[in-house]
Amino acid sequence: MINGGLLRDAVISAAHSISNKKKSVDELNVFPVPDGDTGTNMSMTITNSVAELENLSDDADCSVVASTTASALLRGARGNSGVILSLIFRGFAKGLAGKKEMGANELVESLEQGVSGAYKSVMKPTEGTILTVARESAEKAREMLHSTNDPIIIMEEVCKQAELSLNETPKLLPALAKAGVVDAGGKGLLIIFEAMRDVFKGGEIVKADAPAQKQQVTVDTFAATVGQYDCEIHFTYCTEMIITKKADADDSSKLRAYLETIGDCVVVVEDDEIIKVHVHTNDPGKAIQKGLEFGYINLPKIENMKLQHKARQKEAKQEFVPAKPEKQYGFVAVAAGNGIESMFRDIGVDCIVKGGQTMNPSTEDILAAIMSCPAETVFVLPNNKNIIMAAEQAVKLADRKVCVLQTRTIPQGMSAMLAFDPDADFNTNRIEMTNALERVATGQVTFAARDSDYEGHAIKQCEILCIENGKLSFVEKDVSKAAYKLTKKLVKGDSSFITILYGSDVTDEAAEALQKQVAAKFSNLDVNLINGGQPVYYYIISVE
């Protein structure tokens, strides 16, 4: 039998293990856009339980450990993978309810309850993912009951099955096979299961590595290949310059090759007269000195990204205070960027949860916003497909009626809000707001966070990605050219409005030039330009 103290230690060890290995799990993600990656989301979700578990005594019942874990994971769930993980552990809370210890039957029942809850939470479950790994592991556990009543032996077989299932995921998902990787969520679950098994067998609790320093990387538009997202700091200084070329200037590829020896995120773009350079390095002086060999330096800029990060962290802090309902309807939206946040407030949103791509808020973050909304019924606009499940979990925890609309982009969220009718009843508004969001075509221009071979595109890190309604459309080298080309693909015969939201890494001049180009092409349509200030996406384009 497994007692509560052992179960507690196993979960803590699992949290440390996935946290230590999150980067390797993140790297399995196939889609190359910068996002709230799987390993990071799973790590943040389960790590939310550690502090509470450490306060439990060695003689705590398994039921208490399981319910404490499940509650913490539910509140801390981030991204789809984090929500699914929280539901798997919710199964332990159900399977161990009222139990002092966990035997073979309780372990099997817990796994099956978790799998059932996870599958029910996904509208269209996809095999070849964490769901498959969890389901087949639970099926193996049930099978083992015929030959043993030892929960440790069963957990050993669960881990073996999880590894077998994980290795089969590329056969179920062609995108995994093409990229030569296994499913990231399934890998994260295997790491967690194995860490728990090791503690059950008498192993030591895995120690947490020293926390890696995180950084918001900021890059100007001229680089045209990098953006703003959470990543590990390897080099402190973001260094940029424009070089007016000498008549006998050497091949700029040699400059690129040198910069790659002293830094990363290297971008070297040239035309007949100038070379534009971007690099992250610990030796900005060396970068500039090398640039002088190719011509005259203009507009050099050096920024300490560590200091930038501290400022952004301070700015991002927010607190919500619970509020008593004072009106019938209220609204919560997830958004990032001063311009976009202001737009949502202007059209009636009560509470903004700062987040989005790369910054998936937790269920607890969304719940706090819901509870601070002074309304009897609250509509939630996740505005990102990887936030919808976390928002839906908040529904179960709120003390008021909550409706999560399936908004996957900022334009969908705005269209849904504009369709709200204060004189209509709840069901009418839900239907009309949903219909409105489905009529919006969304384009997004961002950059590749990693090398990838995705849907027939051989993509290199930092190339420009153009996403049409959630799917990769094409790859470009130039941001403005990419945005114009993407807009043309989005416009249909019955289109009436084009809205261009430009991000924090786009200059006013570049955005205005794009607006003029689009307006000239589609003179019969209204073309609006808004400074959204959003990170990650150079442009978010809405066509209705």
# chains A, B, ... in the order shown; residues from 1 in each chain; ligands from 1
call {"tool": "residues_around", "arguments": {"residues": "Ile275 in chain A", "least_positions_apart": "2", "cutoff": "12 Å", "atoms": "only C-alpha atoms", "output": "ChimeraX atom specification"}}
result
/A:222-223,240-246,249-253,255-256,267-273,277-278,291-299
call {"tool": "residues_around", "arguments": {"residues": "His16 in chain A", "least_positions_apart": "2", "cutoff": "10 Å", "atoms": "only C-alpha atoms", "output": "PyMOL selection string"}}
result
chain A and resi 10-14+18-22+43+46-47+50+192+195+205-209
call {"tool": "write_last_selection", "arguments": {"atoms": "all heavy atoms", "output": "compact mmCIF listing (two decimals), in the first residue's frame"}}
result
# COMPACT_ATOMS: atom_id res chain seq x y z
N ALA A 10 5.81 11.83 -3.92
CA ALA A 10 5.84 11.46 -5.34
C ALA A 10 5.39 12.61 -6.23
O ALA A 10 5.98 12.87 -7.29
CB ALA A 10 4.94 10.23 -5.57
N VAL A 11 4.35 13.33 -5.80
CA VAL A 11 3.86 14.46 -6.60
C VAL A 11 4.88 15.59 -6.59
O VAL A 11 5.13 16.23 -7.62
CB VAL A 11 2.49 14.94 -6.07
CG1 VAL A 11 2.04 16.17 -6.85
CG2 VAL A 11 1.45 13.83 -6.19
N ILE A 12 5.47 15.87 -5.43
CA ILE A 12 6.50 16.91 -5.35
C ILE A 12 7.67 16.57 -6.26
O ILE A 12 8.18 17.43 -7.00
CB ILE A 12 6.98 17.09 -3.89
CG1 ILE A 12 5.86 17.66 -3.03
CG2 ILE A 12 8.21 17.99 -3.84
CD1 ILE A 12 6.17 17.72 -1.54
N SER A 13 8.09 15.32 -6.24
CA SER A 13 9.20 14.88 -7.09
C SER A 13 8.84 15.02 -8.57
O SER A 13 9.66 15.43 -9.39
CB SER A 13 9.56 13.43 -6.77
OG SER A 13 10.74 13.05 -7.44
N ALA A 14 7.59 14.67 -8.90
CA ALA A 14 7.13 14.79 -10.29
C ALA A 14 7.15 16.25 -10.73
O ALA A 14 7.54 16.57 -11.88
CB ALA A 14 5.72 14.22 -10.42
N ILE A 18 9.47 17.50 -13.96
CA ILE A 18 8.99 18.12 -15.19
C ILE A 18 9.49 19.55 -15.30
O ILE A 18 9.78 20.04 -16.40
CB ILE A 18 7.44 18.07 -15.29
CG1 ILE A 18 6.95 18.61 -16.64
CG2 ILE A 18 6.80 18.82 -14.16
CD1 ILE A 18 7.37 17.81 -17.83
N SER A 19 9.66 20.21 -14.16
CA SER A 19 10.21 21.57 -14.18
C SER A 19 11.66 21.56 -14.68
O SER A 19 12.05 22.41 -15.48
CB SER A 19 10.15 22.19 -12.78
OG SER A 19 10.66 23.50 -12.79
N ASN A 20 12.43 20.58 -14.23
CA ASN A 20 13.83 20.48 -14.66
C ASN A 20 13.96 20.14 -16.15
O ASN A 20 14.94 20.50 -16.79
CB ASN A 20 14.55 19.41 -13.84
CG ASN A 20 14.67 19.78 -12.37
OD1 ASN A 20 14.45 20.93 -11.98
ND2 ASN A 20 15.01 18.81 -11.54
N LYS A 21 12.95 19.44 -16.67
CA LYS A 21 13.04 18.95 -18.06
C LYS A 21 12.09 19.68 -19.02
O LYS A 21 11.90 19.24 -20.15
CB LYS A 21 12.74 17.45 -18.09
CG LYS A 21 13.72 16.62 -17.27
CD LYS A 21 13.31 15.15 -17.23
CE LYS A 21 14.28 14.32 -16.39
NZ LYS A 21 13.86 12.90 -16.29
N LYS A 22 11.51 20.78 -18.56
CA LYS A 22 10.49 21.45 -19.37
C LYS A 22 11.02 21.93 -20.72
O LYS A 22 10.30 21.90 -21.72
CB LYS A 22 9.87 22.60 -18.60
CG LYS A 22 10.84 23.73 -18.27
CD LYS A 22 10.17 24.78 -17.39
CE LYS A 22 11.17 25.87 -17.00
NZ LYS A 22 10.58 26.83 -16.05
N SER A 43 4.64 22.20 -16.34
CA SER A 43 5.49 22.46 -15.18
C SER A 43 4.84 23.48 -14.24
O SER A 43 4.76 23.27 -13.03
CB SER A 43 6.86 22.98 -15.65
OG SER A 43 7.60 23.50 -14.57
N ILE A 46 1.66 21.84 -12.36
CA ILE A 46 1.86 20.92 -11.24
C ILE A 46 2.71 21.55 -10.13
O ILE A 46 2.52 21.24 -8.95
CB ILE A 46 2.50 19.59 -11.73
CG1 ILE A 46 2.44 18.54 -10.61
CG2 ILE A 46 3.91 19.80 -12.24
CD1 ILE A 46 2.82 17.13 -11.08
N THR A 47 3.59 22.47 -10.49
CA THR A 47 4.41 23.14 -9.47
C THR A 47 3.54 23.99 -8.55
O THR A 47 3.93 24.27 -7.40
CB THR A 47 5.49 24.00 -10.14
OG1 THR A 47 6.33 23.15 -10.94
CG2 THR A 47 6.37 24.70 -9.11
N VAL A 50 3.15 22.37 -5.08
CA VAL A 50 4.28 21.99 -4.23
C VAL A 50 4.22 22.65 -2.84
O VAL A 50 4.39 21.98 -1.81
CB VAL A 50 5.61 22.32 -4.93
CG1 VAL A 50 6.79 22.14 -3.97
CG2 VAL A 50 5.80 21.42 -6.15
N ILE A 192 6.37 12.74 -15.54
CA ILE A 192 5.66 12.83 -14.26
C ILE A 192 5.40 11.44 -13.68
O ILE A 192 5.65 11.19 -12.49
CB ILE A 192 4.35 13.62 -14.44
CG1 ILE A 192 4.68 15.11 -14.66
CG2 ILE A 192 3.41 13.44 -13.25
CD1 ILE A 192 3.52 15.93 -15.15
N ALA A 195 8.69 9.85 -12.40
CA ALA A 195 9.16 10.44 -11.15
C ALA A 195 8.35 9.93 -9.96
O ALA A 195 8.90 9.65 -8.88
CB ALA A 195 9.08 11.96 -11.24
N ILE A 205 13.43 12.10 -3.53
CA ILE A 205 12.68 13.15 -4.23
C ILE A 205 13.62 13.92 -5.14
O ILE A 205 14.71 14.32 -4.73
CB ILE A 205 12.03 14.12 -3.22
CG1 ILE A 205 11.03 13.38 -2.32
CG2 ILE A 205 11.35 15.27 -3.93
CD1 ILE A 205 10.44 14.26 -1.24
N VAL A 206 13.22 14.10 -6.38
CA VAL A 206 14.03 14.88 -7.32
C VAL A 206 14.14 16.31 -6.80
O VAL A 206 13.16 16.91 -6.36
CB VAL A 206 13.39 14.88 -8.73
CG1 VAL A 206 14.10 15.84 -9.66
CG2 VAL A 206 13.39 13.47 -9.30
N LYS A 207 15.35 16.85 -6.84
CA LYS A 207 15.57 18.23 -6.41
C LYS A 207 15.31 19.18 -7.58
O LYS A 207 15.66 18.88 -8.72
CB LYS A 207 17.00 18.42 -5.91
CG LYS A 207 17.38 17.50 -4.74
CD LYS A 207 16.51 17.77 -3.51
CE LYS A 207 16.94 16.89 -2.34
NZ LYS A 207 16.05 17.08 -1.16
N ALA A 208 14.74 20.31 -7.27
CA ALA A 208 14.48 21.30 -8.32
C ALA A 208 15.77 21.99 -8.70
O ALA A 208 16.57 22.37 -7.84
CB ALA A 208 13.46 22.32 -7.83
N ASP A 209 15.99 22.13 -10.00
CA ASP A 209 17.14 22.90 -10.49
C ASP A 209 16.96 24.35 -10.11
O ASP A 209 15.84 24.82 -9.84
CB ASP A 209 17.26 22.79 -12.01
CG ASP A 209 17.66 21.39 -12.46
OD1 ASP A 209 18.13 20.61 -11.60
OD2 ASP A 209 17.52 21.09 -13.66
call {"tool": "select_by_dssp", "arguments": {"residues": "range 162-307 of chain A", "states": "helix (DSSP H, G or I)", "output": "MDAnalysis selection string"}}
result
chainID A and resid 162:172 174:179 184:200 221:223 252:262 284:292 305:307
call {"tool": "residues_around", "arguments": {"residues": "range 57-68 of chain A", "least_positions_apart": "4", "cutoff": "6 Å", "atoms": "only C-alpha atoms", "output": "list in words"}}
result
Gly4, Gly5, Arg8, Phe92, Ala93, Leu96, Ala97, Gly98, Lys99, Lys100 and Glu101 of chain A
call {"tool": "residues_around", "arguments": {"residues": "Met42 in chain A", "least_positions_apart": "3", "cutoff": "8 Å", "atoms": "only C-alpha atoms", "output": "PyMOL selection string"}}
result
chain A and resi 18+38-39+45-46+77-78+81-82+85+188
call {"tool": "write_last_selection", "arguments": {"atoms": "C-alpha atoms", "output": "PDB file, in the first residue's frame"}}
result
ATOM      1  CA  ILE A  18       8.988  18.121 -15.195  1.00  0.00           C
ATOM      2  CA  THR A  38       3.696  22.327 -23.379  1.00  0.00           C
ATOM      3  CA  GLY A  39       6.539  21.619 -20.975  1.00  0.00           C
ATOM      4  CA  THR A  45       0.513  23.686 -13.467  1.00  0.00           C
ATOM      5  CA  ILE A  46       1.864  20.919 -11.244  1.00  0.00           C
ATOM      6  CA  ALA A  77      -3.770  25.018 -14.849  1.00  0.00           C
ATOM      7  CA  ARG A  78      -2.254  26.782 -17.864  1.00  0.00           C
ATOM      8  CA  SER A  81      -1.806  20.457 -21.624  1.00  0.00           C
ATOM      9  CA  GLY A  82      -1.927  21.930 -18.120  1.00  0.00           C
ATOM     10  CA  LEU A  85      -2.862  17.239 -16.514  1.00  0.00           C
ATOM     11  CA  GLY A 188       5.550  15.436 -20.084  1.00  0.00           C
TER      12      GLY A 188
END
call {"tool": "closest_atom_pairs", "arguments": {"of": "range 332-399 of chain A", "to": "range 416-421 of chain A", "cutoff": "12 Å", "atoms": "only C-alpha atoms", "output": "CSV"}}
result
residue,atom,partner,partner_atom,distance
A:Val332,CA,A:Met417,CA,10.3
A:Ala333,CA,A:Met417,CA,9.7
A:Met343,CA,A:Met417,CA,10.6
A:Phe344,CA,A:Met417,CA,8.2
A:Arg345,CA,A:Met417,CA,10.3
A:Asp346,CA,A:Met417,CA,10.4
A:Ile347,CA,A:Met417,CA,6.9
A:Gly348,CA,A:Met417,CA,7.5
A:Val349,CA,A:Met417,CA,8.0
A:Asp350,CA,A:Met417,CA,11.5
A:Phe379,CA,A:Met417,CA,9.3
A:Val380,CA,A:Met417,CA,10.2
A:Leu381,CA,A:Ala416,CA,8.4
A:Pro382,CA,A:Ala416,CA,11.5
A:Asn383,CA,A:Ala416,CA,10.4
call {"tool": "write_last_selection", "arguments": {"atoms": "all heavy atoms", "output": "CSV table (one decimal), in the first residue's frame"}}
result
chain,number,residue,atom,x,y,z
A,332,VAL,N,-15.1,39.6,-19.3
A,332,VAL,CA,-13.7,39.4,-19.0
A,332,VAL,C,-13.0,39.0,-20.3
A,332,VAL,O,-13.5,38.2,-21.0
A,332,VAL,CB,-13.4,38.3,-18.0
A,332,VAL,CG1,-12.0,37.9,-17.9
A,332,VAL,CG2,-14.0,38.7,-16.6
A,333,ALA,N,-11.9,39.7,-20.6
A,333,ALA,CA,-11.2,39.4,-21.8
A,333,ALA,C,-9.7,39.1,-21.5
A,333,ALA,O,-9.1,39.8,-20.7
A,333,ALA,CB,-11.3,40.5,-22.9
A,343,MET,N,-9.0,49.1,-26.3
A,343,MET,CA,-10.1,48.8,-27.1
A,343,MET,C,-11.2,48.0,-26.5
A,343,MET,O,-12.4,48.2,-26.6
A,343,MET,CB,-9.6,48.1,-28.4
A,343,MET,CG,-8.9,49.1,-29.4
A,343,MET,SD,-8.5,48.2,-30.9
A,343,MET,CE,-10.1,47.8,-31.5
A,344,PHE,N,-10.7,46.9,-25.8
A,344,PHE,CA,-11.7,46.1,-25.1
A,344,PHE,C,-12.4,46.8,-24.0
A,344,PHE,O,-13.6,46.7,-23.8
A,344,PHE,CB,-11.0,44.8,-24.5
A,344,PHE,CG,-10.9,43.7,-25.5
A,344,PHE,CD1,-9.6,43.2,-25.8
A,344,PHE,CD2,-12.0,43.1,-26.0
A,344,PHE,CE1,-9.5,42.1,-26.7
A,344,PHE,CE2,-11.9,42.0,-26.9
A,344,PHE,CZ,-10.6,41.5,-27.2
A,345,ARG,N,-11.7,47.7,-23.3
A,345,ARG,CA,-12.4,48.4,-22.2
A,345,ARG,C,-13.4,49.4,-22.9
A,345,ARG,O,-14.5,49.6,-22.3
A,345,ARG,CB,-11.4,49.2,-21.4
A,345,ARG,CG,-10.5,48.3,-20.5
A,345,ARG,CD,-9.7,49.1,-19.5
A,345,ARG,NE,-8.9,48.3,-18.6
A,345,ARG,CZ,-7.7,47.9,-18.8
A,345,ARG,NH1,-7.0,48.4,-19.9
A,345,ARG,NH2,-7.0,47.1,-18.0
A,346,ASP,N,-13.0,50.0,-24.0
A,346,ASP,CA,-13.9,51.0,-24.7
A,346,ASP,C,-15.2,50.4,-25.1
A,346,ASP,O,-16.2,51.0,-25.2
A,346,ASP,CB,-13.1,51.6,-25.9
A,346,ASP,CG,-12.0,52.6,-25.4
A,346,ASP,OD1,-12.0,53.0,-24.3
A,346,ASP,OD2,-11.2,52.9,-26.3
A,347,ILE,N,-15.2,49.1,-25.5
A,347,ILE,CA,-16.4,48.4,-26.0
A,347,ILE,C,-17.1,47.6,-24.9
A,347,ILE,O,-18.0,46.8,-25.2
A,347,ILE,CB,-16.1,47.5,-27.2
A,347,ILE,CG1,-15.0,46.5,-26.9
A,347,ILE,CG2,-15.6,48.4,-28.4
A,347,ILE,CD1,-14.7,45.5,-28.1
A,348,GLY,N,-16.7,47.8,-23.6
A,348,GLY,CA,-17.5,47.3,-22.6
A,348,GLY,C,-16.9,46.2,-21.7
A,348,GLY,O,-17.6,45.7,-20.8
A,349,VAL,N,-15.7,45.8,-21.9
A,349,VAL,CA,-15.1,44.8,-21.1
A,349,VAL,C,-14.8,45.3,-19.7
A,349,VAL,O,-14.2,46.4,-19.6
A,349,VAL,CB,-13.8,44.2,-21.7
A,349,VAL,CG1,-13.0,43.3,-20.8
A,349,VAL,CG2,-14.2,43.4,-23.0
A,350,ASP,N,-15.2,44.6,-18.7
A,350,ASP,CA,-14.9,45.1,-17.3
A,350,ASP,C,-13.5,44.8,-16.8
A,350,ASP,O,-12.9,45.6,-16.1
A,350,ASP,CB,-16.0,44.4,-16.3
A,350,ASP,CG,-17.4,44.7,-16.7
A,350,ASP,OD1,-17.9,45.7,-16.2
A,350,ASP,OD2,-18.0,43.9,-17.4
A,379,PHE,N,-19.5,36.9,-19.3
A,379,PHE,CA,-19.0,36.3,-20.5
A,379,PHE,C,-17.5,36.4,-20.5
A,379,PHE,O,-16.9,37.5,-20.2
A,379,PHE,CB,-19.5,37.1,-21.7
A,379,PHE,CG,-21.0,36.9,-22.0
A,379,PHE,CD1,-21.9,37.7,-21.5
A,379,PHE,CD2,-21.4,35.8,-22.8
A,379,PHE,CE1,-23.3,37.5,-21.8
A,379,PHE,CE2,-22.7,35.5,-23.0
A,379,PHE,CZ,-23.7,36.4,-22.5
A,380,VAL,N,-16.8,35.3,-20.8
A,380,VAL,CA,-15.3,35.3,-20.9
A,380,VAL,C,-14.8,35.1,-22.3
A,380,VAL,O,-15.3,34.2,-23.0
A,380,VAL,CB,-14.7,34.2,-20.0
A,380,VAL,CG1,-13.2,34.2,-20.1
A,380,VAL,CG2,-15.2,34.3,-18.6
A,381,LEU,N,-13.9,36.0,-22.7
A,381,LEU,CA,-13.3,36.0,-24.0
A,381,LEU,C,-11.9,35.5,-23.9
A,381,LEU,O,-11.0,36.4,-23.6
A,381,LEU,CB,-13.4,37.3,-24.7
A,381,LEU,CG,-14.8,38.0,-24.7
A,381,LEU,CD1,-14.7,39.5,-25.1
A,381,LEU,CD2,-15.8,37.2,-25.5
A,382,PRO,N,-11.5,34.3,-24.1
A,382,PRO,CA,-10.1,33.8,-24.0
A,382,PRO,C,-9.2,34.4,-25.1
A,382,PRO,O,-8.0,34.6,-24.8
A,382,PRO,CB,-10.3,32.3,-24.1
A,382,PRO,CG,-11.7,32.0,-23.9
A,382,PRO,CD,-12.5,33.1,-24.4
A,383,ASN,N,-9.7,34.5,-26.3
A,383,ASN,CA,-9.0,35.1,-27.4
A,383,ASN,C,-7.7,34.3,-27.8
A,383,ASN,O,-6.8,34.9,-28.4
A,383,ASN,CB,-8.7,36.6,-27.1
A,383,ASN,CG,-9.9,37.4,-26.9
A,383,ASN,OD1,-11.0,37.1,-27.4
A,383,ASN,ND2,-9.8,38.4,-26.0
call {"tool": "residues_around", "arguments": {"residues": "Ala482 in chain A", "least_positions_apart": "6", "cutoff": "12 Å", "atoms": "only C-alpha atoms", "output": "ChimeraX atom specification"}}
result
/A:224-225,443-447,463-468,473-476,488-489,514,538-541
call {"tool": "residues_around", "arguments": {"residues": "Asn29 in chain A", "least_positions_apart": "6", "cutoff": "8 Å", "atoms": "only C-alpha atoms", "output": "list in words"}}
result
Asp37, Thr38, Asp183 and Ala184 of chain A
call {"tool": "write_last_selection", "arguments": {"atoms": "C-alpha atoms", "output": "compact mmCIF listing (two decimals), in the first residue's frame"}}
result
# COMPACT_ATOMS: atom_id res chain seq x y z
CA ASP A 37 4.82 25.70 -24.72
CA THR A 38 3.70 22.33 -23.38
CA ASP A 183 3.97 14.23 -28.63
CA ALA A 184 5.12 16.87 -26.14
call {"tool": "residues_around", "arguments": {"residues": "Ser495 in chain A", "least_positions_apart": "6", "cutoff": "10 Å", "atoms": "only C-alpha atoms", "output": "short mmCIF file (atom, residue, chain, number, x, y, z; two decimals) with all heavy atoms, in the first residue's frame"}}
result
data_model
loop_
_atom_site.label_atom_id
_atom_site.label_comp_id
_atom_site.auth_asym_id
_atom_site.auth_seq_id
_atom_site.Cartn_x
_atom_site.Cartn_y
_atom_site.Cartn_z
N VAL A 440 -15.62 36.30 -38.57
CA VAL A 440 -14.38 37.07 -38.68
C VAL A 440 -13.25 36.22 -39.25
O VAL A 440 -13.03 35.09 -38.83
CB VAL A 440 -13.95 37.60 -37.29
CG1 VAL A 440 -12.68 38.43 -37.42
CG2 VAL A 440 -15.06 38.41 -36.67
N ALA A 441 -12.55 36.79 -40.22
CA ALA A 441 -11.32 36.16 -40.73
C ALA A 441 -10.14 36.85 -40.06
O ALA A 441 -10.08 38.08 -40.03
CB ALA A 441 -11.24 36.30 -42.24
N ASN A 524 -12.61 50.10 -52.09
CA ASN A 524 -14.04 49.99 -51.77
C ASN A 524 -14.30 49.52 -50.34
O ASN A 524 -15.45 49.42 -49.92
CB ASN A 524 -14.72 49.01 -52.74
CG ASN A 524 -14.12 47.62 -52.66
OD1 ASN A 524 -12.91 47.46 -52.52
ND2 ASN A 524 -14.95 46.59 -52.76
N LEU A 525 -13.25 49.24 -49.57
CA LEU A 525 -13.41 48.76 -48.19
C LEU A 525 -12.91 49.79 -47.19
O LEU A 525 -12.03 50.60 -47.51
CB LEU A 525 -12.63 47.45 -47.99
CG LEU A 525 -12.93 46.28 -48.94
CD1 LEU A 525 -12.12 45.07 -48.52
CD2 LEU A 525 -14.41 45.95 -48.94
N ASP A 526 -13.47 49.75 -45.98
CA ASP A 526 -12.97 50.58 -44.89
C ASP A 526 -11.74 49.91 -44.31
O ASP A 526 -11.79 48.74 -43.89
CB ASP A 526 -14.04 50.73 -43.80
CG ASP A 526 -15.20 51.61 -44.23
OD1 ASP A 526 -14.97 52.49 -45.08
OD2 ASP A 526 -16.32 51.39 -43.74
N VAL A 543 -10.66 40.81 -40.95
CA VAL A 543 -11.44 41.10 -42.15
C VAL A 543 -12.86 40.59 -41.92
O VAL A 543 -13.08 39.43 -41.57
CB VAL A 543 -10.84 40.44 -43.40
CG1 VAL A 543 -11.72 40.70 -44.62
CG2 VAL A 543 -9.43 40.98 -43.66
N GLU A 544 -13.84 41.48 -42.12
CA GLU A 544 -15.25 41.10 -41.96
C GLU A 544 -16.05 41.54 -43.18
O GLU A 544 -15.70 42.51 -43.83
CB GLU A 544 -15.83 41.76 -40.72
CG GLU A 544 -15.17 41.32 -39.42
CD GLU A 544 -15.83 41.93 -38.21
OE1 GLU A 544 -17.00 41.62 -37.94
OE2 GLU A 544 -15.16 42.74 -37.53
#
call {"tool": "decode", "arguments": {"residues": "range 169-186 of chain A", "atoms": "C-alpha atoms", "output": "tab-separated table (two decimals), in the first residue's frame"}}
result
chain	number	residue	atom	x	y	z
A	169	THR	CA	2.27	8.88	-31.26
A	170	PRO	CA	4.04	9.73	-34.55
A	171	LYS	CA	2.09	6.90	-36.21
A	172	LEU	CA	-1.17	8.55	-35.15
A	173	LEU	CA	-0.23	12.15	-35.96
A	174	PRO	CA	1.56	12.67	-39.31
A	175	ALA	CA	2.85	16.08	-38.21
A	176	LEU	CA	4.84	14.40	-35.45
A	177	ALA	CA	6.25	11.82	-37.83
A	178	LYS	CA	7.30	14.47	-40.32
A	179	ALA	CA	9.02	16.50	-37.63
A	180	GLY	CA	10.66	13.38	-36.20
A	181	VAL	CA	9.34	13.94	-32.66
A	182	VAL	CA	6.89	12.39	-30.19
A	183	ASP	CA	3.97	14.23	-28.63
A	184	ALA	CA	5.12	16.87	-26.14
A	185	GLY	CA	2.20	16.43	-23.74
A	186	GLY	CA	2.65	12.67	-23.71
